[in-house]
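Here the structure is laid out as structure tokens; the discussion comes afterwards.
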There are 2 protein chains.
Amino acid sequence: MSADVVARLVAELGDRVDTSPDALHAARADKSGHAAEGLPLAVVHAGSVSDVQAVMRIASETATPVVPRGAGTGLAGGANTGAGEIALSLRGMDRILEVRRDDLLAVVEPGIINADLNAVLAEQGLWWAPDPASRDISTVGGNIATGAGGLLCAKYGVVRDAVLGVDLVLADGRLLRLGHRSVKGVTGLDLTSLVIGSEGVLGVVVAATLKLRRLIPGEVRTLSATFPDVRTAAVASAAVTASGVQPAIMELMDATSLARTHAYLGLPAPAPGAAQLLVQTDGPAATAEADAIAATLVASGGAVVLAADEAQAAHLLSIRRSMHPAWETAGTTLIEDVSVPRSALPAMFEVIADLERRYGVAIPTVAHAGDGNLHPNFVVPGPEVPEEIWQAAGELFQAALALGGTLTGEHGVGVLKRRWLADELGEDQWEMQRQIARVFDPAGILNPGKVFTP
Amino acid sequence: MSADVVARLVAELGDRVDTSPDALHAARADKSGHAAEGLPLAVVHAGSVSDVQAVMRIASETATPVVPRGAGTGLAGGANTGAGEIALSLRGMDRILEVRRDDLLAVVEPGIINADLNAVLAEQGLWWAPDPASRDISTVGGNIATGAGGLLCAKYGVVRDAVLGVDLVLADGRLLRLGHRSVKGVTGLDLTSLVIGSEGVLGVVVAATLKLRRLIPGEVRTLSATFPDVRTAAVASAAVTASGVQPAIMELMDATSLARTHAYLGLPAPAPGAAQLLVQTDGPAATAEADAIAATLVASGGAVVLAADEAQAAHLLSIRRSMHPAWETAGTTLIEDVSVPRSALPAMFEVIADLERRYGVAIPTVAHAGDGNLHPNFVVPGPEVPEEIWQAAGELFQAALALGGTLTGEHGVGVLKRRWLADELGEDQWEMQRQIARVFDPAGILNPGKVFTP
């Protein structure tokens, strides 16, 4: 049966079907450090919409599960492909189909890397705002599938705010065009928003119409503020938010994260226990805003360094952007992604400190402090996450929920967080979401076992 | 059977159930000038979530259709309630439950008037950005149900961009809590976005968590530019958009609209054929931006008046905001609401001129020129829209679609635009949307015949 599926794929798609051991092994994993069990049947490197439709038709007719994949940089296992499944790679569909400077939109294929798209847009004075930390390695399609956030969200929004429409191939191979090219539009139900963040369970995004911004004029100001401990840093970040000055970026790194990243980059070790805020301001009032934020941070007990030039600014920012690579080699990491109202950031750091004490583990944490999104990391030595760590993660999530927050701010549910999905949604909503997914994919062949528990 | 339903409502809800002729007649209509056939069974003035749940349980058990209503200011007939139906008014649920200045959010009941909410928020230096022309008379719940837009959308977004979560009562009376209080959140499918703009066919919104902004500091600059004809004005507005300067408001009124509104307000008649752009800029660069826009408009053939003070600015703005009241007394109006990419605005005005010639009718038109949303009005003397006018409207819509636009930018589909819904969505997507609605409301008792043709 499996051999028959691969034979049909090869007959229709030729050398786009890859069954080399390297390709099959690579498709099992993403950047979470987790991997699916077993080897996929094949990796199909789609080059066109009709390739995607052909794969889905064969999969439908043979009841074969399909896992859509971009660059494989996910952090929740959402694109991991295992035994009996087809990995459908969109990475090769990376063309920019259209850029309209007057209408502030671009139409792109899903496989283009976020940073590559923005490099082209910048030549025309344009910019697609979603800015995940993975922007140099993640695709626009992956950003859409996860509803990605990033560093600039409080000021410039998330993916949901920056997509006007998507073309979606359904499980049975039909193509739907969702959304429109206009700024406004309320014709029928907003299926474009429903697809954003749906993690491959509704269909395969084969093109997207993106809402662009003009590049922000003026210089960017960058500063770092070092605090004796993470709690003081969290209170300081909440003070900045409450002051009414809107930073473009405000990132928090706790002591463990800061120390490891310094070591990874070969920098001198920070003072023991020291935590850091990294702040950027932009736009016409960048300098005045940076000065105001610096004053707030000093008043909150921070030692502030204002970058003197672009090189120093880039250096400060590189420390934050190196956080995930620095931990990748440490073992298996369970990356949490809770998000809470901004005022609750200090409370969440207290929860984390309490968990560290009670479970006897370190939970190195970074946070997009400007928007209340925390990434506490559970690092374990072996390939398996012990049940005790899952328990600690569960407590962390319940605390976020109690504060009005959510299980995942920007990484998605994938396989690593599906066990808690019903806790947040409630059984009624969980069941309705399953039924809605079945409207798109009645047989459940698209990314089965992701988001929803089987 | 109908008497039995009313009796059960009265037994459970007492004097919240209104069967007075005035109330029943009022519930038949909205501000579109159209009315449902026959008289509703009753109007229920809900005062609490449990009132709403009680109505829905009784309606479910008796298979009685329910039409949720706010202030009845819709322009597509979406809340019109007819024979055999219950009008469920949320207007009395108008409390502000919470305002968080630090987290930039508010939790409100659906019946609060947009402008009333903003008056309270302004005292705290806050603001909910959605700004429909009806803001003084429309409810937040109605704004959410239609996915309302307004005048400020190109710069400050639409309702979809400004809602974090909603509480939704389902057809069977169960309460779902959708969304969260954090800036980010991608847990499961985005049902909050699905509810925004769903026009009462998925459930009854009984509370909303709104994303607020801080009031924009600095003064607002207002200017008007008068052009010899509407085509010149449309080209000028596209030139402003293409110049890269972002106005907060840019409204276009054609000659017929401008003349009628002047007459309505008792102002001197404008020059024959004259069309007008109204522009506002705000924020720290408001004056520089107003000057730059004025230069672009003068270069495009406009006669520019820059408001010298707030009184003059308010006067200029009142002309635009009086447009709908000015037409309300003219007969039955079919208000179109097409939205196109901004660069296509001049092309849409050419389509309208062509339709006027070919059908021998005037189509007075205003446009949110900054975001490409046009309101061409078909005004007919009697209560019925002749088939020929429907045909002209159909041609208008097909032209918008061909330009990458949409049937409705901000008013919704209601009953007046449902005949074209499948043309835009395609049969496959239309059918899927129906099925998704059935997941929420299996028996189809919520606002039947709206959005989707029966």
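Chains: A, B, ... in order of the structure tokens. Residues: from 1 per chain. Ligands: from 1, in order shown.
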Residues within 7 Å of range 378-391 of chain A, only C-alpha atoms, excluding chain neighbours under 4 positions, as JSON, numbers by chain: {"A": [331, 332, 333, 334, 335, 363, 395]}
Test item: chain A residues at most 7 Å from chain B, counting only C-alpha atoms, as a PyMOL selection string: chain A and resi 102-103+147+161+176+180-191+193-194+197-198+241-242+339-343+371-372+404-410+412-413+429+432-433+435-436+439+451
Selection: 10 Å around Ala234 in chain B, only C-alpha atoms, excl. self and same-chain fewer than 5 positions, as a list in words: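 Neighbouring residues, sequence-local ones excluded: Phe227, Asp229, Ala239, Val240, Leu252, Met253, Asp254, Ala275, Gln276, Leu277, Ser300, Arg342, Ser343, Ala344, Leu345, Pro346, Ala347, Met348, Phe349, Glu350, Ala367 and Ala369 of chain B.
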Coordinates-based distance that separates CA of Glu98 in chain B from CA of Ile293 in chain A (Å, one decimal): 27.5 Å
Range 52-67 of chain A environment, 6 Å, only C-alpha atoms, sequence neighbours closer than 3 positions dropped, as number ranges by chain: A: 49, 85-88, 171-173, 445-447
Which of range 227-296 of chain A DSSP labels strand (DSSP E or B), written as a list in words: Phe227, Ile249, Met250, Glu251, Leu252, Met253, Ala275, Gln276, Leu277, Leu278, Val279, Gln280 and Thr281 of chain A
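Nearest to Leu223 in chain B of all the residues B:Leu126, B:Ala313, B:Val10, B:Ile112 is B:Ala313, based on only C-alpha atoms.
Assigned to helix (DSSP H, G or I) in range 113-197 of chain B, given DSSP computed from backbone atoms, are B:Asn114, B:Ala115, B:Asp116, B:Leu117, B:Asn118, B:Ala119, B:Val120, B:Leu121, B:Ala122, B:Val140, B:Gly141, B:Gly142, B:Asn143, B:Ile144, B:Ala145, B:Thr146, B:Cys153, B:Ala154, B:Lys155, B:Tyr156, B:Val159, B:Arg160, B:Asp161, B:Ala162, B:Leu191, B:Thr192, B:Ser193, B:Leu194, B:Val195.
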